[in-house]
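Visitor: Before anything else, here's the structure in question.
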Amino acid sequence: MSEKTLAIIKPDAVKKGVIGKIISRIEDEKFKITAMRLAKLTKDEAKGFYIVHNDKPFYGPLTDFMSSGPIVLMRLEREDAIAHWRKIMGATDPAKAEPGTLRRLYGSSIENNATHGSDAPETAAWELAYFFKG
Ligand code: ADP
Ligand code: MG
């Protein structure tokens, strides 16, 4: 059954100039991109998006990083989109991510890890509503 997930190309990957490479991979993996925009988050928007992590030691640096430059927001659709996108991204820490995954290819640290993906149907719905109204 078709499913939707939120994907983000994070500021480090935009700065590296790999938007095109990441979108090319998304298309190769048979996702449909059904919404997409470039955004520059305010610190408050980043804090709201990562509110589930507000008790973590990395919340401050993470929200500084996510509001540090342009990002690409995408709604991706395909069968099993949530799990498949997370598989394509690889583990949170690029050093632990499988070869060929986006985080291994384009991430540089556990914080600057190139991409974001929702982790469950409920969070996907919440995250998509956060950035794409309607
Ligand atoms: P994921 O993005 O794989 O779902 P989490 O939801 O656990 O990972 O964390 C959200 C984001 O916070 C990560 O993608 C990463 O950018 C950052 N992060 C997670 N863990 C750490 C950590 N230990 N130190 C610094 N940043 C972290
Ligand atoms: Mg997460």
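Ordering of the structure tokens sets the chain letters (A, B, ...); residue numbers start at 1 within each chain; ligands are numbered from 1 in the order shown.
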Just want the residues within 7 Å of ligand 2, written as a list in words, counting only C-alpha atoms and all ligand atoms.
Guide: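 Protein and nucleic-acid residues within 7 Å of ligand 2: Gly117, Ser118 and Asp119 of chain A.
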Visitor: Go ahead and dump the residues you just picked, N, CA, C and O atoms, as a PDB file, in the first residue's frame.
Guide:
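Final output, out_16.pdb:
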```pdb
ATOM      1  N   GLY A 117      14.519  11.495   7.769  1.00  0.00           N
ATOM      2  CA  GLY A 117      13.333  10.742   7.366  1.00  0.00           C
ATOM      3  C   GLY A 117      12.475  10.432   8.571  1.00  0.00           C
ATOM      4  O   GLY A 117      12.998  10.146   9.659  1.00  0.00           O
ATOM      5  N   SER A 118      11.159  10.480   8.379  1.00  0.00           N
ATOM      6  CA  SER A 118      10.227  10.145   9.461  1.00  0.00           C
ATOM      7  C   SER A 118      10.446   8.698   9.892  1.00  0.00           C
ATOM      8  O   SER A 118      10.918   7.872   9.109  1.00  0.00           O
ATOM      9  N   ASP A 119      10.073   8.386  11.148  1.00  0.00           N
ATOM     10  CA  ASP A 119      10.360   7.042  11.655  1.00  0.00           C
ATOM     11  C   ASP A 119       9.152   6.146  11.882  1.00  0.00           C
ATOM     12  O   ASP A 119       9.318   4.981  12.251  1.00  0.00           O
TER      13      ASP A 119
END
```
Visitor: Please list as a VMD selection string every residue within 12 Å of segment 94-105 of chain A, counting only C-alpha atoms and excluding residues in the same chain fewer than 6 positions away.
Guide: chain A and resid 7 to 10 12 to 13 16 18 to 19 21 to 26 84 to 88 111 to 117
Visitor: I'd like the neighbourhood of Trp126 of chain A as a list of chain:residue names, where a residue qualifies if any of its atoms comes within 12 Å (using only C-alpha atoms), though same-chain residues fewer than 3 positions away should be ignored.
Guide: A:Lys4, A:Thr5, A:Leu6, A:Gly48, A:Phe49, A:Tyr50, A:Ile51, A:Val52, A:Ser118, A:Asp119, A:Ala120, A:Pro121, A:Glu122, A:Thr123, A:Ala129, A:Tyr130, A:Phe131, A:Phe132, A:Lys133
Visitor: Write out as a list in words each polymer residue whose atoms come within 9 Å of segment 59-69 of chain A, counting only C-alpha atoms; drop sequence neighbours fewer than 2 positions from it.
Guide: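 The residues satisfying every condition are Lys10, Pro11, Asp12, Val14, Lys15, Ala39, Lys40, Leu41, Thr42, Lys43, Asp44, Glu45, Ala46, Lys47, Phe49, Tyr50, Ile51, His53, Asn54, Asp55, Lys56, Pro57, Ile71, Glu111 and Asn112 of chain A.
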Visitor: Work out how far atom CA of Thr34 of chain A is from atom CA of Asp80 of chain A, in Å to one decimal.
Guide: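 So the two atoms, atom CA of Asp80 of chain A and atom CA of Thr34 of chain A, lie 15.5 Å apart.
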Visitor: Could you give me, as a ChimeraX atom specification, the residues within 6 Å of segment 30-32 of chain A, counting only C-alpha atoms and dropping anything in the same chain fewer than 2 positions from it?
Guide: /A:26-28,34,76-78
Visitor: Take the residues that were just selected and, keeping C-alpha atoms, output them as a PDB file, in the first residue's frame.
Guide:
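And here is the file that came out, out-v9.pdb:
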```pdb
ATOM      1  CA  ILE A  26      15.022   9.120  -4.752  1.00  0.00           C
ATOM      2  CA  GLU A  27      13.791   8.689  -8.339  1.00  0.00           C
ATOM      3  CA  ASP A  28      15.888   5.537  -8.869  1.00  0.00           C
ATOM      4  CA  THR A  34       4.464  14.811  -4.448  1.00  0.00           C
ATOM      5  CA  LEU A  76       7.836  11.091  -0.800  1.00  0.00           C
ATOM      6  CA  GLU A  77       5.338   8.412  -1.724  1.00  0.00           C
ATOM      7  CA  ARG A  78       5.706   4.728  -2.566  1.00  0.00           C
TER       8      ARG A  78
END
```
Visitor: Of the candidates A:Met36, A:Ala81, A:Ile110, A:Met1, which shows the shortest atom-to-atom distance to ligand 1, using only C-alpha atoms and all ligand atoms?
Guide: A:Ile110
Visitor: Atom CA of Glu127 of chain A and atom 19 (C, counted along the ligand's line) of ligand 1 are how many Å apart?
Guide: 16.9 Å
Visitor: I'd like the interatomic distance between atom CA of Ile82 of chain A and atom 18 (N, counted along the ligand's line) of ligand 1, to a tenth of an Å.
Guide: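 Between these atoms lies a distance of 18.6 Å.
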Visitor: Which one of A:Ala83, A:Asp93, A:Leu73, A:Gly17 sits closest to ligand 1 if you count only C-alpha atoms and all ligand atoms?
Guide: A:Asp93
Visitor: I'd like to know which residues of chain A are helix (DSSP H, G or I) (by DSSP, run on the backbone); could you write them as a count of residues only?
Guide: 62
Visitor: Give the answer as one residue: which of A:Ala91, A:Val72, A:Ile33, A:Leu38 has the shortest atom-to-atom distance to ligand 1, using only C-alpha atoms and all ligand atoms?
Guide: A:Ala91
Visitor: Which one is closest to ligand 1: A:Ala125, A:Tyr106, A:Glu79, A:Met89? Count only C-alpha atoms and all ligand atoms.
Guide: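 Using only C-alpha atoms and all ligand atoms, ligand 1 sits closest to A:Met89.
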Visitor: Go through A:Met74, A:Phe58, A:Gly107, A:Ser2 one by one, measure the shortest atom-to-atom distance of each to ligand 1 using only C-alpha atoms and all ligand atoms, and give the residue with the smallest value.
Guide: A:Phe58
Visitor: Write down as an MDAnalysis selection string the residues of segment 16-63 of chain A whose backbone DSSP state falls under strand (DSSP E or B).
Guide: chainID A and resid 32:39
Visitor: Produce a file of the selected residues containing C-alpha atoms, as a CSV table (one decimal), in the first residue's frame.
Guide:
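Done, and the output landed in part_38.csv:
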```csv
chain,number,residue,atom,x,y,z
A,32,LYS,CA,7.1,9.8,-6.2
A,33,ILE,CA,7.9,13.4,-5.0
A,34,THR,CA,4.5,14.8,-4.4
A,35,ALA,CA,5.5,18.0,-2.7
A,36,MET,CA,8.9,19.8,-2.5
A,37,ARG,CA,10.2,23.2,-1.5
A,38,LEU,CA,13.5,24.9,-0.5
A,39,ALA,CA,13.2,26.5,3.0
```
